[in-house]
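Have a look at the structure below, then the notes.
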Amino acid sequence: MNHVDLSPVWISLATSATATVLTLVAGLSAAVWRARRSGQILAIVDGLFLLPLVLPPTVVGFFLLLLFGRNGPLGKLLNHLGATVVFSWPATVIAAAVVAFPLMYLTARGALEQVDTHFLQAARTLGASEWRVFREIALPLAWPGVLAGTILSFARALGEFGATLMVAGNIPGRTATIPIAIYFAVEADDIRAALVWCLIDVVISLALLGGLYYWTNAQGLGRARWARR
Amino acid sequence: MRRASGALGGRGADVALEVQIEKKLRDFRLDLSFTAGEVPLSILGPSGSGKTMLLRCIAGLERPDRGIISLNGRVLTDATRRIQVPARERRVGMLFQHYALFPHRTIGENISFGLSALPRDERLRRVADLLARTHITGIENRYPQEVSGGEQQRAALARALAIEPEALLLDEPLSALDTHLRSQMEVQLQETFATFRRPSLLVTHNIEEAYRLGEQMMVLSKGRIAAFGLKDTIFRSPPNLEVARLTGCKNFSRARAISSDTIEALDWNCTLQMGHPIGCSPAYVGIRAHHIEFIDPSQSGAAKQNVFPCWVSRSSETPFRVTLYLSLYRPPRPPGEHYLQAEVFKEKWKGFRNRPEPLPVRLPPEALFLLPE
C-alpha cells in the first residue's frame with residue numbers, strides 16, 4: 001500500500017454530517033408532530049418510524065433500492081428530473097439518514113414529552129404564537145434530549161454499512177465510506193489496509209466523542225444555573 | 001338555568017366576565033353560569049369540583065362542550081358558533097398553581113416574555129415597574145430556582161400582569177407557600193386587586209383564603225354553583241347544607257319546627273329558641289363551632305336562653321385553640337353519638353376545664369341558621 005486514498009474519510013464525514021442534519025430536521029419535525037397526540041393510528045405511524053431501527057440494514061437498503069431504483073416510484077420521478085440516486089453519493093446520505101432517523105425521533109419525542117405542559121400553556125396565555133412557544137420554550141427545555149439524539153444519529157450514520165452497500169455500492173471516491181472500504185479491503189485479503197482503516201475509524205470516533213464531550217460541557221456551563229436541579 | 005350574577009355592578013355591564021359553560025368531565029358535568037365584575041371573586045370548592053377546569057376554559061386552554069364566555073363584550077368562546085379565540089389572543093392573565101416560571105429564563109426575562117412586541121427601552125421600563133409593584137426589585141437577573149417560593153410567586157404574578165390583562169385568573173395561588181409567606185402574599189394580592197379593578201377569579205379550597213381575598217364568593221360542588229354572592233351573606237346564612245359544610249360549618253342537626261320561633265334539634269337532643277321567626281319548614285339547623293359559648297354559672301345575669309348542660313367527650317388541640325366534642329343533657333355514650341363541636345381559645349378552656357360536669361353551654365339564637373332539605 002504505497003499510495004493511500006483518503007477519500008473514504010471525507011466521504012464518511014460528509015455523509016454522516018449531511019445525514020445528521022437531515023435526520024435532525026425530519027426527526028424533530030416528526031417528534032413535534034407526534035408529541036402530545038394520541039390515537040390508534042399513531043401506533044402504526046410509530047411502527048413505521050421505528051422500523052429502520054428494528055430491521056436489518058440490508059432489508060432497509062433493499063427497500064430503498066426498490067423505492068429509488070430505476071423502476072421504483074421515487075426513482076422514476078427523479079429520472080424525469082434527470083437525476084439518478086442509486087449508486088451515487090446522495091444514496092449514502094439517504095441510507096445513513098433513514099437508518100439514523102428512529103434514534104433521533106425517539107429521543108427528541110421523549111425529550112419534548114418531558115417538557116411540563118404548564119410552561120407551554122403559560123407562554124400561550126402571555127400571547128406567544130405556537131412557533132414562539134416551540135422555539136423559545138419547548139425546544140430549549142428539550143434541548144439536552146435533542147442533542148443526545150443528534151449525537152446518536154451521527155454515530156449511527158458514521159457506522160452505517162449494510163443499507164449503504166445495498167443502495168450506494170462501493171464506488172471508490174464517490175460512495176466508498178470507511179466501513180465499506182474496510183469490508184472490501186478484507187475481501188481483497190489486504191489486511192494491512194483494513195487495519196489502517198480500522199485505526200482511522202477509531203481515531204475519528206474518539207476525536208468526535210472528545211469534541212462532543214467538550215462542546216456539551218461548554219454548553220452545559222451556560223445552562224448549569226437553571227439545569228442544576 | 002339559574003344565573004348567578006355579581007351583586008356589585010361596577011363600571012356598568014361592559015366591564016365583566018360572562019361565563020355560561022357546560023363541559024363533560026370524567027366524574028361529573030361542569031355546568032356553570034355566572035358574571036364577574038370588577039371586584040375579586042373567590043371560588044371555593046373541594047378538590048376536583050371543577051374549579052381549575054373553569055379557569056382553564058376562560059384562559060382558552062380548554063374548550064367547553066357548550067356555552068359562551070365573553071370578556072368586556074368580546075366573545076372568547078361560543079360553542080354554537082364554533083368560536084374559540086386562542087389563549088394568546090385572549091388577554092387573560094393566568095397564575096398557575098406551581099407558577100410555571102420558565103426555568104431557562106431569568107426572572108426579568110420571564111416577566112418580559114409577554115412584552116416582546118415593545119421596544120427594548122419601554123420593555124425594560126415596564127419590567128422595572130412590575131418588579132417594584134410586586135416588591136421583588138433586584139432579583140431580575142436570577143433564575144427561578146435561585147429565588148424563594150414567595151419571590152417565584154410574585155414574579156409569576158408580575159409576568160401575568162405584564163400583558164395588561166383584561167381579567168386575572170389565580171389557581172390556588174397560595175397553596176404552595178408556608179404560613180408566613182402566605183400571609184405576605186395575601187397582602188400582595190389584596191394590593192394587586194385594589195389597583196387592578198378588572199374581573200379577578202381566585203380558586204382555592206382554603207376557606208379563610210377565599211374569605212380574605214374575595215369580596216364576592218362562589219361555592220362550587222361537583223361542577224355546579226352551590227352558592228354565589230357576597231361572602232358575608234354566604235357565611236352568615238348558607239343557602240343549603242352543602243354550602244354550610246363547604247364554608248367550614250361543622251355542626252348540623254335534623255330539625256323540626258315546634259312553634260313560630262322554636263325548633264327541636266333531633267340530633268343534638270335539645271329544643272332551641274330561634275332569633276327570628278321560622279320561615280318555611282326547615283330540615284336542618286346549624287351552628288358554627290366558634291359560636292358556641294361556655295357560660296360561667298357563678299355570674300349572675302347570665303343569659304338563660306338556649307343554655308344546656310353538657311359533657312365534654314374529648315378535645316383536640318391546635319396551637320391556640322381547642323375543639324371540644326360535646327354531648328348535651330347526658331354523659332357521652334359511644335359509639336355513633338352525635339356531638340356538637342365547639343371551638344374556643346385555649347386560655348378560655350383553661351378557665352373552665354376543671355369545673356365539675358355538666359358544664360352550661362349556650363347556643364346563641366342569632367348564630368343559629370336553618371337549612372332547607
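Identifiers in the C-alpha cells: chain A, B, ... in order shown; residue index from 1 per chain; ligand index from 1 in order shown.
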
*Polymer residues at most 7 Å from Gly149 of chain A, only C-alpha atoms, same-chain spacing of 2 or more positions, as a list in words*: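 Surrounding residues, per the criterion: Leu103, Met104, Thr107, Ala108, Gly145, Val146, Leu147, Ile151, Leu152 and Ser153 of chain A.
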
Take the residues that were just selected and, keeping N, CA and C atoms, output them as a PDB file, in the first residue's frame.
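Okay, again_10.pdb is ready:
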```pdb
ATOM      1  N   LEU A 103     -33.543   6.870  15.900  1.00  0.00           N
ATOM      2  CA  LEU A 103     -32.856   7.291  17.126  1.00  0.00           C
ATOM      3  C   LEU A 103     -33.162   8.752  17.439  1.00  0.00           C
ATOM      4  N   MET A 104     -33.108   9.566  16.378  1.00  0.00           N
ATOM      5  CA  MET A 104     -33.405  10.993  16.545  1.00  0.00           C
ATOM      6  C   MET A 104     -34.859  11.177  16.981  1.00  0.00           C
ATOM      7  N   THR A 107     -35.566   9.900  20.727  1.00  0.00           N
ATOM      8  CA  THR A 107     -35.016  10.736  21.803  1.00  0.00           C
ATOM      9  C   THR A 107     -35.669  12.118  21.809  1.00  0.00           C
ATOM     10  N   ALA A 108     -35.892  12.693  20.623  1.00  0.00           N
ATOM     11  CA  ALA A 108     -36.493  14.026  20.571  1.00  0.00           C
ATOM     12  C   ALA A 108     -37.927  13.997  21.098  1.00  0.00           C
ATOM     13  N   GLY A 145     -32.091  16.512  25.386  1.00  0.00           N
ATOM     14  CA  GLY A 145     -32.552  15.291  24.726  1.00  0.00           C
ATOM     15  C   GLY A 145     -32.344  15.353  23.228  1.00  0.00           C
ATOM     16  N   VAL A 146     -32.638  16.519  22.638  1.00  0.00           N
ATOM     17  CA  VAL A 146     -32.464  16.673  21.194  1.00  0.00           C
ATOM     18  C   VAL A 146     -30.980  16.532  20.844  1.00  0.00           C
ATOM     19  N   LEU A 147     -30.133  17.083  21.673  1.00  0.00           N
ATOM     20  CA  LEU A 147     -28.689  16.993  21.453  1.00  0.00           C
ATOM     21  C   LEU A 147     -28.230  15.538  21.528  1.00  0.00           C
ATOM     22  N   ILE A 151     -26.373  13.329  18.568  1.00  0.00           N
ATOM     23  CA  ILE A 151     -25.114  12.593  18.734  1.00  0.00           C
ATOM     24  C   ILE A 151     -25.301  11.125  18.350  1.00  0.00           C
ATOM     25  N   LEU A 152     -26.384  10.538  18.834  1.00  0.00           N
ATOM     26  CA  LEU A 152     -26.665   9.142  18.496  1.00  0.00           C
ATOM     27  C   LEU A 152     -26.808   8.972  16.989  1.00  0.00           C
ATOM     28  N   SER A 153     -27.510   9.913  16.357  1.00  0.00           N
ATOM     29  CA  SER A 153     -27.741   9.832  14.923  1.00  0.00           C
ATOM     30  C   SER A 153     -26.420   9.908  14.159  1.00  0.00           C
TER      31      SER A 153
END
```

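Near Leu30 of chain B, within a cut-off of 9 Å and counting only C-alpha atoms, sit the residues B:Ile21, B:Glu22, B:Lys23, B:Lys24, B:Ser49, B:Gly50, B:Met53, B:Leu54, B:Pro64, B:Lys222, B:Gly223, B:Arg224, with same-chain residues fewer than 6 positions away left out.
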
Dump as an mmCIF file, in the first residue's frame, selection limited to C-alpha atoms:
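After the write, out37.cif holds the following:
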```cif
data_model
loop_
_atom_site.group_PDB
_atom_site.id
_atom_site.type_symbol
_atom_site.label_atom_id
_atom_site.label_comp_id
_atom_site.auth_asym_id
_atom_site.auth_seq_id
_atom_site.Cartn_x
_atom_site.Cartn_y
_atom_site.Cartn_z
ATOM 1 C CA ILE B 21 -70.492 26.857 30.004
ATOM 2 C CA GLU B 22 -71.027 23.125 30.095
ATOM 3 C CA LYS B 23 -68.303 20.559 29.865
ATOM 4 C CA LYS B 24 -68.332 16.837 30.425
ATOM 5 C CA SER B 49 -65.053 20.254 41.953
ATOM 6 C CA GLY B 50 -64.168 21.736 38.567
ATOM 7 C CA MET B 53 -61.168 23.460 34.710
ATOM 8 C CA LEU B 54 -63.306 26.601 34.851
ATOM 9 C CA PRO B 64 -66.147 23.759 26.791
ATOM 10 C CA LYS B 222 -69.339 18.722 41.582
ATOM 11 C CA GLY B 223 -69.257 21.179 38.724
ATOM 12 C CA ARG B 224 -72.257 23.238 39.846
#
```

*asked:* I need the contact residues of chain A against chain B, so if you could list those with any atom within 6 Å, counting only C-alpha atoms, and return them as a list in words, that would help.
replied: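 Matching residues, ligands excluded from the count: His118, Phe119, Arg124, Thr125, Leu126, Gly127, Ala128 and Trp226 of chain A.
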
*Please provide as a count of residues only all residues within 10 Å of Pro46 of chain B, with the sequence filter that same-chain residues fewer than 4 positions apart are discarded (counting only C-alpha atoms).*
10

*Compare A:Ala138, A:Ile41, A:Ala122, A:Val93 by their minimum atom-to-atom distance to Val21 of chain A, counting only C-alpha atoms, and give me the closest one.*
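The shortest atom-to-atom distance to Val21 of chain A comes from A:Val93.
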
*Among segment 85-164 of chain B, which ones does DSSP place in alpha helix (DSSP H), written as JSON, numbers by chain?*
{"B": [107, 108, 109, 110, 111, 112, 120, 121, 122, 123, 124, 125, 126, 127, 128, 129, 130, 131, 132, 133, 149, 150, 151, 152, 153, 154, 155, 156, 157, 158, 159, 160, 161, 162]}

*What gap, in Å, lies between atom CA of Ile94 of chain A and atom CA of Ala142 of chain A?*
26.3 Å

*asked:* Using only C-alpha atoms, can you tell me which of A:Val99, A:Leu209, A:Ala148, A:Leu120 comes closest to Leu50 of chain A?
replied: A:Val99

_Can you tell me which residues surround segment 128-133 of chain B at a distance of at most 10 Å, considering only C-alpha atoms, apart from same-chain residues fewer than 6 positions away, and format the answer as JSON, numbers by chain?_
{"B": [107, 108, 111, 112, 122, 139, 140, 154, 155, 157, 158, 159, 161, 162, 188, 191, 192]}

*Which of these, B:Leu368, B:Ala117, B:Arg330, B:Ala244, has the shortest distance to Ile263 of chain B once you count only C-alpha atoms?*
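Selected residue with least distance to Ile263 of chain B: B:Leu368.
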
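If you look at atom CA of Val25 of chain A and atom CA of Ala100 of chain A, they are 12.1 Å away from each other.
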
*In Å to one decimal, how far is atom CA of Phe63 of chain A from atom CA of Val86 of chain A?*
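Interatomic distance here is 12.0 Å.
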
*asked:* Residues of segment 127-288 of chain B classed as strand (DSSP E or B) by DSSP on the backbone are to be reported as a PyMOL selection string.
replied: chain B and resi 167-171+200-204+216-221+224-230+251-257+262-265+270-273+284-287

Selection from above, N, CA and C atoms, as a CSV table (one decimal), in the first residue's frame, can you write it?
```csv
chain,number,residue,atom,x,y,z
B,167,ALA,N,-58.5,40.3,32.4
B,167,ALA,CA,-59.0,39.5,33.6
B,167,ALA,C,-57.8,38.8,34.1
B,168,LEU,N,-57.9,38.5,35.4
B,168,LEU,CA,-56.8,37.8,36.1
B,168,LEU,C,-57.4,36.5,36.7
B,169,LEU,N,-56.7,35.4,36.4
B,169,LEU,CA,-57.2,34.1,37.0
B,169,LEU,C,-56.1,33.5,37.9
B,170,LEU,N,-56.4,33.2,39.1
B,170,LEU,CA,-55.4,32.7,40.0
B,170,LEU,C,-55.8,31.3,40.5
B,171,ASP,N,-54.9,30.3,40.2
B,171,ASP,CA,-55.2,29.0,40.5
B,171,ASP,C,-54.5,28.6,41.8
B,200,SER,N,-61.4,39.4,38.5
B,200,SER,CA,-60.3,38.6,39.0
B,200,SER,C,-60.9,37.4,39.7
B,201,LEU,N,-60.5,36.2,39.3
B,201,LEU,CA,-61.1,35.0,39.8
B,201,LEU,C,-60.0,34.3,40.6
B,202,LEU,N,-60.3,33.9,41.8
B,202,LEU,CA,-59.3,33.2,42.6
B,202,LEU,C,-59.8,31.9,43.1
B,203,VAL,N,-59.2,30.8,42.7
B,203,VAL,CA,-59.6,29.5,43.0
B,203,VAL,C,-58.9,29.0,44.2
B,204,THR,N,-59.6,28.4,45.2
B,204,THR,CA,-59.0,27.9,46.4
B,204,THR,C,-59.8,26.9,47.1
B,216,GLN,N,-66.7,38.9,46.5
B,216,GLN,CA,-67.8,38.0,46.2
B,216,GLN,C,-67.2,36.6,46.3
B,217,MET,N,-68.2,35.7,46.5
B,217,MET,CA,-67.7,34.3,46.6
B,217,MET,C,-68.6,33.4,45.8
B,218,MET,N,-68.0,32.4,45.2
B,218,MET,CA,-68.8,31.3,44.5
B,218,MET,C,-68.4,30.0,45.1
B,219,VAL,N,-69.4,29.2,45.5
B,219,VAL,CA,-69.0,27.9,46.1
B,219,VAL,C,-69.4,26.9,45.0
B,220,LEU,N,-68.4,26.0,44.7
B,220,LEU,CA,-68.6,25.0,43.6
B,220,LEU,C,-68.7,23.7,44.3
B,221,SER,N,-69.6,22.8,43.7
B,221,SER,CA,-69.6,21.5,44.2
B,221,SER,C,-70.0,20.6,43.0
B,224,ARG,N,-71.1,22.3,39.8
B,224,ARG,CA,-72.3,23.2,39.8
B,224,ARG,C,-72.0,24.3,40.9
B,225,ILE,N,-72.7,25.4,40.7
B,225,ILE,CA,-72.6,26.5,41.6
B,225,ILE,C,-73.6,26.2,42.8
B,226,ALA,N,-73.0,26.0,44.0
B,226,ALA,CA,-73.8,25.8,45.1
B,226,ALA,C,-74.2,27.1,45.8
B,227,ALA,N,-73.4,28.1,45.7
B,227,ALA,CA,-73.8,29.4,46.2
B,227,ALA,C,-73.0,30.5,45.5
B,228,PHE,N,-73.6,31.7,45.4
B,228,PHE,CA,-72.9,32.8,44.7
B,228,PHE,C,-73.4,34.0,45.4
B,229,GLY,N,-72.5,34.9,45.7
B,229,GLY,CA,-73.0,36.2,46.3
B,229,GLY,C,-71.9,36.8,47.1
B,230,LEU,N,-72.3,37.8,48.0
B,230,LEU,CA,-71.3,38.4,48.8
B,230,LEU,C,-70.9,37.4,49.9
B,251,ASN,N,-71.4,21.8,62.7
B,251,ASN,CA,-72.5,21.3,63.5
B,251,ASN,C,-73.8,21.4,62.7
B,252,PHE,N,-74.4,20.2,62.5
B,252,PHE,CA,-75.7,20.2,61.9
B,252,PHE,C,-76.6,19.2,62.7
B,253,SER,N,-77.9,19.5,62.7
B,253,SER,CA,-78.8,18.6,63.3
B,253,SER,C,-80.1,18.6,62.5
B,254,ARG,N,-80.7,17.4,62.4
B,254,ARG,CA,-82.1,17.4,61.8
B,254,ARG,C,-83.0,18.3,62.7
B,255,ALA,N,-83.9,19.0,62.1
B,255,ALA,CA,-84.7,20.0,62.9
B,255,ALA,C,-86.1,19.8,62.6
B,256,ARG,N,-87.0,20.2,63.6
B,256,ARG,CA,-88.4,20.1,63.4
B,256,ARG,C,-89.0,21.3,64.1
B,257,ALA,N,-89.8,22.1,63.3
B,257,ALA,CA,-90.4,23.3,63.9
B,257,ALA,C,-91.4,22.9,65.0
B,262,THR,N,-89.5,28.4,67.7
B,262,THR,CA,-88.7,27.4,68.4
B,262,THR,C,-88.6,26.1,67.5
B,263,ILE,N,-87.5,25.4,67.6
B,263,ILE,CA,-87.4,24.2,66.9
B,263,ILE,C,-86.8,23.1,67.8
B,264,GLU,N,-87.0,21.9,67.4
B,264,GLU,CA,-86.4,20.8,68.1
B,264,GLU,C,-85.2,20.3,67.2
B,265,ALA,N,-84.0,20.3,67.9
B,265,ALA,CA,-82.8,19.7,67.2
B,265,ALA,C,-82.7,18.3,67.5
B,270,CYS,N,-82.1,18.6,71.9
B,270,CYS,CA,-82.5,19.8,72.6
B,270,CYS,C,-83.5,20.6,71.8
B,271,THR,N,-84.1,21.6,72.5
B,271,THR,CA,-85.1,22.5,71.9
B,271,THR,C,-84.5,23.9,71.9
B,272,LEU,N,-84.5,24.5,70.7
B,272,LEU,CA,-83.8,25.8,70.5
B,272,LEU,C,-84.8,26.9,70.2
B,273,GLN,N,-84.5,28.0,70.9
B,273,GLN,CA,-85.2,29.3,70.6
B,273,GLN,C,-84.4,29.9,69.4
B,284,TYR,N,-82.8,21.2,58.6
B,284,TYR,CA,-81.6,21.2,59.4
B,284,TYR,C,-81.4,22.5,60.2
B,285,VAL,N,-80.7,22.4,61.3
B,285,VAL,CA,-80.3,23.6,62.0
B,285,VAL,C,-78.8,23.5,62.1
B,286,GLY,N,-78.1,24.6,62.0
B,286,GLY,CA,-76.6,24.5,62.0
B,286,GLY,C,-76.1,25.6,62.9
B,287,ILE,N,-74.9,25.4,63.4
B,287,ILE,CA,-74.2,26.5,64.2
B,287,ILE,C,-72.7,26.3,64.0
```
